[in-house]
Amino acid sequence: MGKIKSLVIGDLRAEVPLIQGGMGVGVSLSSLAGAVAAQGGIGVISTAQIGYREPDFDTDPIGANLRAIKTEIQKARQIAKNGVLGVNIMVATRKYEEYVKAAVEAGIDLIISGAGLPMDLPKLVGTAKTKLAPIVSGVKSVQVIMRYWWKKYSRLPDAVIIEGPLAGGHLGFHREQLDDIDGLHYDDEVQAIIEKVNEAAAEHETDIPVIMAGGVYTREDMEHYLEMGASGVQMATRFVTTYECDADDAYKQSYIDAKKEDIVIVQSPVGMPGRALLNPFMKRAKEGQIAHGKCHLCVSTCKPAETPYCITEALVNAVKGNTDDGLLFCGANAYRATKLEHVKDIMDEFRP
Ligand SMILES: Cc1cc2nc3c(=O)[nH]c(=O)nc-3n(C[C@H](O)[C@H](O)[C@H](O)COP(=O)(O)O)c2cc1C
């Protein structure tokens with residue numbers, strides 16, 4: 001059992017090698033991220049429409065989001081004074097650069113960025129000590145990022161997060177791949193990514209921890225990836241059914257009530273497949289367009305005039321507890337929750 005060690009990312013050290021994955025909209029804010037960081041893991045705030053509770057969200061969503069990035073980071077810091085905190089900023093976010101800068105100004109320790117390749121992230125953070133961790137699903141993407149960052153910015157990722165096909169939210173796979181996950185033999189890809197990252201790290205005489213995400217639920221799952229050479233895991237779905245999770249109780253209850261067959265792959269309006277609960281909202285969305293209000297300027301890949309529904313409205317409804325009218329993203333393991341848990345109890349399960 002001596003295999004679990006603390007996770008070191010540059011000058012950051014998390015006693016428990018567990019990152020709580022960022023969950024938008026509003027599912028991982030200061031309460032959940034602060035609780036995880038206070039328990040020795042890395043707590044991550046999702047910046048996706050983070051300002052949804054601000055009074056001016058409808059008229060100035062980006063302004064509301066930039067303000068909320070700062071207040072949520074400050075609140076999480078109060079919960080976890082010496083903990084390690086990150087933000088998850090999707091590359092596809094409109095005004096991505098401004099979100100990155102707001103998080104850096106608020107003193108965030110780590111930026112995790114996927115849903116696209118964060119090619120110019122090093123330029124945006126400049127000389128700040130914020131650590132950078134791209135999310136990749138394949139060996140090609142990690143090579144492209146590492147080569148480009150080195151050539152253009154003389155910098156390598158401080159950590160790499162692999163997100164596999166069992167994850168929740170948007171997925172970096174084609175629909176056909178998700179229809180036959182066993183056929184992907186994804187552990188081979190994980191191994192290949194770890195090897196490529198280790199090669200680059202050795203070449204530049206540094207360490208780049210690799211963190212596995214997607215389908216990790218137990219300590220045994222974590223040990224499996226540590227044995228393969230990962231330095232830690234990222235886990236999201238398991239943290240939804242915690243007292244500390246920022247979503248409404250009805251959201252958490254939907255996970256607890258879910259059966260395996262209720263978890264499906266959906267085509268999201270932002271142009272990527274995703275994993276979610278097949279609830280009344282998703283059933284209606286499959287049948288046709290759902291009317292929506294004006295655009296909330298979330299991601300650059302959505303075409304408001306053509307979208308089958310507004311993903312911001314659907315995710316905000318969900319997090320507020322209006323689950324029948326909401327999109328509930330979840331990982332393949334969501335059906336395993338049977339009760340609410342305290343973050344501390346989960347973290348104790350993963351402690352070295
Ligand atoms: C409800 C929910 C929302 C998510 N939102 C985001 C997001 O906004 N950005 C992102 O990069 N990943 C998002 N994810 C992915 C997680 O950060 C994480 O990498 C993944 O779900 C890990 O797999 P697991 O849920 O099986 O633990 C989301 C996942 C869930 C379950």
# chains A, B, ... in the order shown; residues from 1 in each chain; ligands from 1
>>> closest_atom_pairs(of="chain A", to="ligand 1", cutoff="8 Å", atoms="only C-alpha atoms and all ligand atoms", output="CSV")
residue,atom,partner,partner_atom_place_in_ligand_line,distance
A:Gln20,CA,ligand 1,17 (O),7.3
A:Gly21,CA,ligand 1,17 (O),3.5
A:Gly22,CA,ligand 1,17 (O),4.2
A:Met23,CA,ligand 1,5 (N),3.3
A:Gly24,CA,ligand 1,8 (O),3.8
A:Val25,CA,ligand 1,8 (O),6.4
A:Val27,CA,ligand 1,1 (C),6.4
A:Ser46,CA,ligand 1,8 (O),5.5
A:Thr47,CA,ligand 1,8 (O),7.2
A:Ala48,CA,ligand 1,8 (O),5.5
A:Asn88,CA,ligand 1,11 (O),5.9
A:Ile89,CA,ligand 1,9 (N),6.6
A:Met90,CA,ligand 1,11 (O),5.6
A:Ile112,CA,ligand 1,11 (O),7.5
A:Ser113,CA,ligand 1,11 (O),6.3
A:Gly114,CA,ligand 1,11 (O),5.1
A:Ala115,CA,ligand 1,11 (O),6.1
A:Ile135,CA,ligand 1,11 (O),7.4
A:Glu163,CA,ligand 1,19 (O),5.9
A:Gly164,CA,ligand 1,23 (O),7.6
A:Leu166,CA,ligand 1,26 (O),5.6
A:Ala167,CA,ligand 1,23 (O),3.5
A:Gly168,CA,ligand 1,21 (O),3.7
A:Gly169,CA,ligand 1,28 (C),4.2
A:His170,CA,ligand 1,13 (C),6.6
A:Ala213,CA,ligand 1,22 (C),4.6
A:Gly214,CA,ligand 1,23 (O),3.3
A:Gly215,CA,ligand 1,26 (O),3.6
A:Val216,CA,ligand 1,27 (O),5.2
A:Tyr217,CA,ligand 1,27 (O),6.5
A:Gln234,CA,ligand 1,22 (C),6.0
A:Met235,CA,ligand 1,27 (O),3.5
A:Ala236,CA,ligand 1,27 (O),3.8
A:Thr237,CA,ligand 1,25 (O),3.7
A:Arg238,CA,ligand 1,27 (O),6.2
A:Val240,CA,ligand 1,1 (C),7.2
A:Leu328,CA,ligand 1,1 (C),6.4
A:Phe329,CA,ligand 1,1 (C),4.3
A:Cys330,CA,ligand 1,31 (C),3.8
A:Gly331,CA,ligand 1,25 (O),4.1
A:Ala332,CA,ligand 1,26 (O),6.0
A:Asn333,CA,ligand 1,26 (O),6.0
A:Ala334,CA,ligand 1,25 (O),7.7
>>> residues_around(residues="Val210 in chain A", least_positions_apart="5", cutoff="9 Å", atoms="only C-alpha atoms", output="JSON, numbers by chain")
{"A": [159, 160, 161, 162, 193, 194, 197, 198, 229, 230, 231, 232, 233]}
>>> atom_distance(atom1="CA of Lys320 in chain A", atom2="CA of Pro304 in chain A")
22.6 Å
>>> closest_residue(among="A:Arg155, A:Lys123, A:Arg175, A:Lys101", to="Ile69 in chain A", atoms="only C-alpha atoms")
A:Lys101
>>> select_by_dssp(residues="range 1-208 of chain A", states="strand (DSSP E)", output="ChimeraX atom specification")
/A:7-9,12-14,18-20,42-46,84-88,110-113,131-136,160-163,169-170
>>> closest_residue(among="A:Ser137, A:Thr206, A:Thr338, A:Gln49", to="Asp188 in chain A", atoms="only C-alpha atoms")
A:Ser137
>>> residues_around(residues="Pro165 in chain A", least_positions_apart="5", cutoff="8 Å", atoms="only C-alpha atoms", output="ChimeraX atom specification")
/A:171-173,178,181,186,214
>>> write_last_selection(atoms="N, CA, C and O atoms", output="PDB file, in the first residue's frame")
ATOM      1  N   LEU A 171     -16.741  15.256 -23.814  1.00  0.00           N
ATOM      2  CA  LEU A 171     -15.728  14.217 -23.961  1.00  0.00           C
ATOM      3  C   LEU A 171     -14.939  14.422 -25.255  1.00  0.00           C
ATOM      4  O   LEU A 171     -15.523  14.770 -26.281  1.00  0.00           O
ATOM      5  N   GLY A 172     -13.650  14.176 -25.179  1.00  0.00           N
ATOM      6  CA  GLY A 172     -12.792  14.367 -26.349  1.00  0.00           C
ATOM      7  C   GLY A 172     -12.707  13.119 -27.223  1.00  0.00           C
ATOM      8  O   GLY A 172     -11.616  12.711 -27.620  1.00  0.00           O
ATOM      9  N   PHE A 173     -13.844  12.512 -27.493  1.00  0.00           N
ATOM     10  CA  PHE A 173     -13.893  11.294 -28.309  1.00  0.00           C
ATOM     11  C   PHE A 173     -15.008  11.420 -29.332  1.00  0.00           C
ATOM     12  O   PHE A 173     -15.929  12.214 -29.147  1.00  0.00           O
ATOM     13  N   LEU A 178     -17.247   6.124 -28.362  1.00  0.00           N
ATOM     14  CA  LEU A 178     -17.947   6.016 -27.084  1.00  0.00           C
ATOM     15  C   LEU A 178     -18.980   4.892 -27.095  1.00  0.00           C
ATOM     16  O   LEU A 178     -19.417   4.432 -26.050  1.00  0.00           O
ATOM     17  N   ILE A 181     -16.517   1.416 -25.843  1.00  0.00           N
ATOM     18  CA  ILE A 181     -15.404   1.880 -25.003  1.00  0.00           C
ATOM     19  C   ILE A 181     -14.394   0.748 -24.755  1.00  0.00           C
ATOM     20  O   ILE A 181     -13.186   0.985 -24.789  1.00  0.00           O
ATOM     21  N   TYR A 186      -8.366   1.629 -23.775  1.00  0.00           N
ATOM     22  CA  TYR A 186      -7.868   2.959 -23.435  1.00  0.00           C
ATOM     23  C   TYR A 186      -6.633   2.939 -22.544  1.00  0.00           C
ATOM     24  O   TYR A 186      -5.811   3.855 -22.597  1.00  0.00           O
ATOM     25  N   GLY A 214     -11.473  10.175 -15.246  1.00  0.00           N
ATOM     26  CA  GLY A 214     -12.509   9.467 -16.002  1.00  0.00           C
ATOM     27  C   GLY A 214     -12.713   8.076 -15.463  1.00  0.00           C
ATOM     28  O   GLY A 214     -11.922   7.182 -15.710  1.00  0.00           O
TER      29      GLY A 214
END
>>> atom_distance(atom1="CA of Ala201 in chain A", atom2="CA of Trp149 in chain A")
13.2 Å
>>> closest_residue(among="A:Ala133, A:Ala337, A:Ile145, A:Ile50", to="Asp120 in chain A", atoms="only C-alpha atoms")
A:Ile145
>>> closest_residue(among="A:Asp325, A:Glu72, A:Glu176, A:Glu223", to="Ala103 in chain A", atoms="only C-alpha atoms")
A:Glu72
